[in-house]
Amino acid sequence: MKRSTQGPNRLQALARRNGRLAKRLASGNSLALLEQLRDLTLTFGFSLAMGELLPLNGGWYVTHAALLRLALRKHCAGIQTDHVDQFSDPGAGRWVFKATVFKSPSSKGFVGFGDADPSNVSATVRGAEMRIAETRAVNRALRKAYGIGLCSVEEVGAFSPRSPAREELPSSNGGGRTQPRLRDQLCLVIRHFKLDPNLVKSFAAHFCGTATIGEANRESVEAFVTHLKKLAEENRDALICKLNSYAVRAEVAT
């Protein structure tokens, strides 16, 4: 497998950083998973700290941002997307896109298709199916073009692009700038333990002592993510009961 165009010393240093961060993010990482992470780092130059890879369902998933950065490093000549009318149904929220990646000006192109509808996207991004379908098509075309066997996160719907109304996690200075690493950690816990995102948000706000999670500072949210993961691992049923209590509170309040 062809190695990344980044310098070997830089890639070796990146591989070591990725390994250390992977052990902190998920203590149960197997040796095979860490070896795969190292190979992906040396081959493609992916960075765990930049949110370019995420551990999910016992394996690594690449992100849309990682694929675009790789295309930039490889001097990709262009990406063309087209809406596939015959398979789309805008009234039902179903969209299909075709993406073509041209690795060089003379390339015939690598084609990928992406689809999205309310049945295969997260509830938090309903209404953004068109953008998600296009992103999935681009991801598949890029993975073909550069020989990446990993599925992308956006293709499985776990972290599809945000809708404008989606609540952002706070930055370190208390602002509303999204912090991918922290947001992704929270989403991973929610997905892995099959928790209700809205109830988790209510629990988070109560834990942080704010009206919404977006008003909490980064340190509080980090503490909450750690606390939530610990509760889920120790006794998921008890955590579900606790989360359901926030649904009851909401009903009483209304």
# chains A, B, ... in the order shown; residues from 1 in each chain; ligands from 1
>>> residues_around(residues="Arg17 in chain A", least_positions_apart="5", cutoff="9 Å", atoms="only C-alpha atoms", output="NGL selection string")
:A and (12 or 22 or 47-49)
>>> residues_around(residues="range 50-57 of chain A", least_positions_apart="4", cutoff="12 Å", atoms="only C-alpha atoms", output="MDAnalysis selection string")
chainID A and resid 14 17:19 21:23 25:30 33:34 36:38 40:41 44:46 61:70 150:154 156:159 179:185 187:193
>>> residues_around(residues="Gly78 in chain A", least_positions_apart="6", cutoff="8 Å", atoms="only C-alpha atoms", output="PDB file with N, CA and C atoms, in the first residue's frame")
ATOM      1  N   VAL A 101     -14.791  11.908  -8.687  1.00  0.00           N
ATOM      2  CA  VAL A 101     -13.524  12.477  -8.230  1.00  0.00           C
ATOM      3  C   VAL A 101     -12.480  12.325  -9.337  1.00  0.00           C
ATOM      4  N   PHE A 102     -11.848  13.437  -9.687  1.00  0.00           N
ATOM      5  CA  PHE A 102     -10.801  13.429 -10.715  1.00  0.00           C
ATOM      6  C   PHE A 102      -9.448  13.635 -10.020  1.00  0.00           C
ATOM      7  N   LYS A 103      -8.661  12.574  -9.972  1.00  0.00           N
ATOM      8  CA  LYS A 103      -7.378  12.655  -9.278  1.00  0.00           C
ATOM      9  C   LYS A 103      -6.376  13.532 -10.031  1.00  0.00           C
ATOM     10  N   SER A 104      -6.538  13.625 -11.324  1.00  0.00           N
ATOM     11  CA  SER A 104      -5.663  14.461 -12.156  1.00  0.00           C
ATOM     12  C   SER A 104      -6.483  15.023 -13.301  1.00  0.00           C
TER      13      SER A 104
END
>>> select_by_dssp(residues="range 86-129 of chain A", states="strand (DSSP E)", output="JSON, numbers by chain")
{"A": [95, 96, 97, 98, 99, 100, 101, 102, 110, 111, 112, 113, 114, 115, 116]}
>>> write_last_selection(atoms="C-alpha atoms", output="CSV table (one decimal), in the first residue's frame")
chain,number,residue,atom,x,y,z
A,95,TRP,CA,-32.3,12.3,-2.3
A,96,VAL,CA,-29.7,10.5,-4.4
A,97,PHE,CA,-26.4,12.0,-5.6
A,98,LYS,CA,-23.6,10.9,-7.9
A,99,ALA,CA,-20.1,12.2,-7.2
A,100,THR,CA,-17.1,11.9,-9.5
A,101,VAL,CA,-13.5,12.5,-8.2
A,102,PHE,CA,-10.8,13.4,-10.7
A,110,PHE,CA,-13.9,7.7,-9.8
A,111,VAL,CA,-17.7,7.5,-9.2
A,112,GLY,CA,-19.6,7.1,-6.0
A,113,PHE,CA,-23.4,7.3,-5.2
A,114,GLY,CA,-25.0,8.5,-2.0
A,115,ASP,CA,-28.6,8.4,-0.8
A,116,ALA,CA,-30.4,9.7,2.2
>>> atom_distance(atom1="CA of Leu239 in chain A", atom2="CA of Leu195 in chain A")
9.1 Å
>>> residues_around(residues="Ser119 in chain A", least_positions_apart="6", cutoff="12 Å", atoms="only C-alpha atoms", output="short mmCIF file (atom, residue, chain, number, x, y, z; two decimals) with C-alpha atoms, in the first residue's frame")
data_model
loop_
_atom_site.label_atom_id
_atom_site.label_comp_id
_atom_site.auth_asym_id
_atom_site.auth_seq_id
_atom_site.Cartn_x
_atom_site.Cartn_y
_atom_site.Cartn_z
CA ALA A 92 -40.61 12.18 0.67
CA GLY A 93 -37.23 13.61 1.68
CA ARG A 94 -35.35 11.06 -0.42
CA TRP A 95 -32.27 12.26 -2.32
CA VAL A 125 -30.47 16.09 11.09
CA ARG A 126 -33.93 15.51 9.65
CA GLY A 127 -34.55 18.01 6.88
CA GLU A 129 -31.20 14.77 3.66
CA VAL A 156 -23.63 5.17 8.52
CA GLY A 157 -25.52 8.21 9.76
#
>>> select_by_dssp(residues="range 74-150 of chain A", states="alpha helix (DSSP H)", output="PyMOL selection string")
chain A and resi 129-145
>>> closest_residue(among="A:Leu142, A:Ala247, A:Val84, A:Ile148", to="Met130 in chain A", atoms="only C-alpha atoms")
A:Val84
